[in-house]
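Structure file structure_15.tsv; described as TSV, C-alpha atoms.
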```tsv
chain	number	residue	atom	x	y	z
A	25	MET	CA	100.63	103.89	98.81
A	26	SER	CA	100.60	100.08	98.96
A	27	LEU	CA	98.45	97.41	100.54
A	28	VAL	CA	100.82	95.07	102.38
A	29	GLY	CA	101.04	91.93	104.44
A	30	GLY	CA	98.21	89.60	105.30
A	31	ALA	CA	95.59	91.23	103.10
A	32	VAL	CA	97.79	90.63	100.05
A	33	ARG	CA	98.65	87.08	101.17
A	34	ASP	CA	95.01	86.18	101.77
A	35	ALA	CA	93.86	87.73	98.48
A	36	ILE	CA	96.39	85.62	96.58
A	37	LEU	CA	95.23	82.52	98.46
A	38	GLY	CA	91.57	83.43	97.94
A	39	VAL	CA	90.76	83.12	101.64
A	40	PRO	CA	88.86	85.58	103.87
A	41	HIS	CA	91.06	88.17	105.54
A	42	GLY	CA	90.85	89.24	109.16
A	43	PRO	CA	90.15	92.72	110.49
A	44	ASP	CA	93.61	94.26	109.97
A	45	VAL	CA	94.38	96.13	106.77
A	46	ASP	CA	97.86	97.63	106.52
A	47	LEU	CA	98.74	100.42	104.13
A	48	VAL	CA	102.34	101.54	103.66
A	49	VAL	CA	103.01	105.12	102.65
A	50	GLU	CA	106.33	106.26	101.22
A	51	GLY	CA	106.15	109.51	103.12
A	52	ASP	CA	104.49	110.62	106.34
A	53	ALA	CA	101.76	108.10	107.21
A	54	ILE	CA	100.81	110.00	110.37
A	55	ALA	CA	100.19	113.24	108.48
A	56	LEU	CA	98.14	111.32	105.90
A	57	ALA	CA	96.13	109.62	108.65
A	58	HIS	CA	95.32	113.01	110.24
A	59	ALA	CA	94.27	114.46	106.85
A	60	LEU	CA	92.08	111.43	106.15
A	61	GLY	CA	90.70	111.55	109.67
A	62	ARG	CA	89.61	115.17	109.23
A	63	ARG	CA	87.96	114.41	105.88
A	64	LEU	CA	86.24	111.25	107.02
A	65	GLY	CA	85.44	112.27	110.58
A	66	ALA	CA	87.56	109.37	111.83
A	67	ARG	CA	89.53	109.06	115.04
A	68	VAL	CA	93.32	108.86	114.58
A	69	VAL	CA	95.67	107.16	117.03
A	70	ALA	CA	99.28	107.95	116.15
A	71	HIS	CA	102.39	106.12	117.32
A	72	GLU	CA	105.18	108.61	116.59
A	73	ARG	CA	108.01	106.31	117.71
A	74	PHE	CA	107.07	103.73	115.08
A	75	ARG	CA	105.75	106.22	112.48
A	76	THR	CA	102.38	104.50	112.35
A	77	ALA	CA	98.76	105.52	112.81
A	78	GLU	CA	95.42	103.77	113.20
A	79	LEU	CA	92.43	105.30	111.53
A	80	GLU	CA	89.18	104.33	113.27
A	81	LEU	CA	86.39	104.85	110.76
A	82	GLU	CA	82.73	105.57	111.42
A	83	LEU	CA	81.63	103.53	108.43
A	84	GLU	CA	81.83	99.76	108.32
A	85	LEU	CA	84.12	98.35	105.63
A	86	PRO	CA	84.23	94.67	104.64
A	87	HIS	CA	87.25	94.16	106.94
A	88	GLY	CA	85.97	96.27	109.83
A	89	ARG	CA	86.40	99.88	110.85
A	90	ARG	CA	90.15	100.26	111.17
A	91	LEU	CA	92.98	101.01	108.77
A	92	ASP	CA	96.62	100.91	109.83
A	93	LEU	CA	98.86	103.38	108.03
A	94	VAL	CA	102.61	102.84	108.24
A	95	THR	CA	105.43	105.03	107.03
A	96	ALA	CA	107.69	102.87	104.84
A	97	ARG	CA	110.64	102.19	107.10
A	98	ARG	CA	113.78	100.33	108.00
A	99	GLU	CA	114.26	98.81	111.44
A	100	ARG	CA	117.12	97.66	113.60
A	101	TYR	CA	116.99	95.98	116.96
A	102	PRO	CA	119.60	97.25	119.48
A	103	HIS	CA	119.51	93.87	121.25
A	104	PRO	CA	117.38	90.71	121.16
A	105	GLY	CA	113.79	91.34	122.16
A	106	ALA	CA	114.20	95.14	122.16
A	107	LEU	CA	111.72	97.44	120.47
A	108	PRO	CA	113.00	98.39	117.03
A	109	VAL	CA	114.65	101.67	116.18
A	110	VAL	CA	112.95	102.88	113.00
A	111	GLU	CA	113.87	105.29	110.24
A	112	GLU	CA	112.04	106.27	107.10
A	113	GLY	CA	112.69	104.06	104.08
A	114	THR	CA	111.18	102.74	100.87
A	115	ILE	CA	108.54	100.10	100.24
A	116	THR	CA	111.41	97.69	99.50
A	117	ASP	CA	112.94	98.46	102.92
A	118	ASP	CA	109.57	98.00	104.55
A	119	LEU	CA	108.98	94.59	102.98
A	120	ALA	CA	112.48	93.47	104.04
A	121	ARG	CA	111.76	94.27	107.71
A	122	ARG	CA	108.68	92.04	107.86
A	123	ASP	CA	108.45	88.65	109.51
A	124	PHE	CA	107.78	86.02	106.83
A	125	THR	CA	108.02	85.84	103.05
A	126	VAL	CA	104.26	85.28	102.77
A	127	ASN	CA	103.71	88.61	104.55
A	128	ALA	CA	106.41	90.52	102.64
A	129	MET	CA	104.36	91.30	99.55
A	130	ALA	CA	102.67	94.53	98.52
A	131	TYR	CA	100.06	95.63	96.03
A	132	ARG	CA	100.70	99.14	94.72
A	133	LEU	CA	97.57	101.27	95.02
A	134	SER	CA	98.97	104.53	93.65
A	135	GLY	CA	101.83	106.03	91.71
A	136	PRO	CA	103.42	104.92	88.45
A	137	GLU	CA	103.42	101.26	89.56
A	138	ALA	CA	99.72	101.21	90.58
A	139	GLY	CA	98.35	97.70	90.14
A	140	ALA	CA	101.74	95.99	90.46
A	141	LEU	CA	102.39	93.19	92.91
A	142	LEU	CA	105.74	93.56	94.68
A	143	ASP	CA	107.19	90.24	95.84
A	144	PRO	CA	110.95	90.71	96.39
A	145	HIS	CA	111.26	87.72	98.78
A	146	ASP	CA	109.33	85.22	96.64
A	147	GLY	CA	106.39	84.91	99.00
A	148	ARG	CA	104.20	83.58	96.19
A	149	ALA	CA	106.49	80.56	95.81
A	150	ASP	CA	106.12	79.84	99.54
A	151	LEU	CA	102.34	80.25	99.26
A	152	ARG	CA	102.33	77.66	96.44
A	153	ALA	CA	104.58	75.35	98.50
A	154	GLY	CA	102.53	75.82	101.69
A	155	LEU	CA	105.49	77.14	103.71
A	156	VAL	CA	105.99	79.76	106.38
A	157	ARG	CA	109.58	81.02	105.93
A	158	ALA	CA	111.25	83.66	108.12
A	159	LEU	CA	112.84	86.50	106.16
A	160	ARG	CA	116.05	86.38	108.20
A	161	PRO	CA	117.84	83.74	110.27
A	162	ASP	CA	117.72	86.05	113.31
A	163	ALA	CA	113.99	86.90	112.93
A	164	PHE	CA	113.04	85.11	116.18
A	165	THR	CA	115.95	86.65	118.08
A	166	GLU	CA	114.93	90.14	116.95
A	167	ASP	CA	111.31	89.60	117.95
A	168	PRO	CA	110.44	86.39	119.84
A	169	SER	CA	106.71	86.99	119.29
A	170	ARG	CA	107.32	86.01	115.66
A	171	LEU	CA	107.54	82.41	116.82
A	172	LEU	CA	103.92	82.52	117.94
A	173	ARG	CA	102.90	84.23	114.71
A	174	ALA	CA	104.71	81.57	112.65
A	175	VAL	CA	102.80	78.79	114.39
A	176	ARG	CA	99.52	80.70	114.12
A	177	TYR	CA	99.97	81.27	110.36
A	178	ALA	CA	100.96	77.66	109.78
A	179	ALA	CA	97.88	76.41	111.63
A	180	ARG	CA	95.48	78.92	110.08
A	181	LEU	CA	96.69	78.36	106.53
A	182	GLY	CA	97.46	74.63	106.80
A	183	PHE	CA	101.14	75.35	106.05
A	184	ALA	CA	104.38	73.88	107.42
A	185	LEU	CA	107.36	75.77	108.79
A	186	GLU	CA	110.17	75.83	106.24
A	187	PRO	CA	113.05	73.65	107.58
A	188	GLY	CA	115.43	76.58	108.21
A	189	THR	CA	112.66	78.51	109.95
A	190	ARG	CA	111.82	75.45	112.04
A	191	ALA	CA	115.48	75.09	113.06
A	192	ALA	CA	115.69	78.82	113.95
A	193	ALA	CA	112.52	78.51	116.01
```

Can you give me the file's structure in the form of structure tokens?
Amino acid sequence: MSLVGGAVRDAILGVPHGPDVDLVVEGDAIALAHALGRRLGARVVAHERFRTAELELELELPHGRRLDLVTARRERYPHPGALPVVEEGTITDDLARRDFTVNAMAYRLSGPEAGALLDPHDGRADLRAGLVRALRPDAFTEDPSRLLRAVRYAARLGFALEPGTRAAA
């Protein structure tokens, strides 16, 4: 299991993180969420189509009461703006499907690589440079809402859009 996305980005930057904590499971995240839900007395909301689940905890954690569990996956978009078609994949596949390099990092929580930071798209370099960089040239065509997220991240973090990302936007 790996902590991914914004929580990793914000920890590297040393800034407070918002209420969303995303965990990627190489395996069945929905089954894990149900098992955890039974043990913790938490409510589980599963989204079978996307192989994700939200675990709504009774206890208050520093980030809130919700954990998002995601099955490591690959995505493809049948046409611009369509919902993705997903299939199970690896943590590397999952990081490659994300929106921006600064969100495509993971911290391994378990397994033989526990404690390792995975950064296959060099998100740390973009954090140091203060840039929001799309992972793919067609990122905004696949999902137009990424444009809003890019601007929101740039404003929140005091970053600039990388020139190629700005041109794509």

Put a box with edges along x, y and z around all the listed atoms of range 174-181 of chain A, pad it by 6 Å on each side, then give me its centre and sizes in Å, one decimal, as lines of an AutoDock Vina configuration file.
```
center_x = 100.1
center_y = 79.0
center_z = 110.5
size_x = 21.2
size_y = 17.2
size_z = 19.9
```

Do you know which residues are at most 12 Å from Glu72 in chain A counting only C-alpha atoms, after dropping those on the same chain fewer than 5 positions away, and could you put them as number ranges by chain? A: 52-55, 77-78, 93-95, 109-112

Using all atoms listed in the file, can you tell me which of A:Pro161, A:Gly113, A:Pro168, A:Gly105 comes closest to Pro187 in chain A? A:Pro161

What gap, in Å, lies between CA of Ala138 in chain A and CA of Asp123 in chain A? 24.3 Å

Pick out the closest residue to Thr76 in chain A from this set: A:His58, A:Arg148, A:Arg170, A:Arg33. Count all atoms listed in the file. A:His58

Shell of 8 Å around Thr189 in chain A, only C-alpha atoms, local chain residues under 2 positions omitted, as a ChimeraX atom specification: /A:156-158,161,185-187,191-193
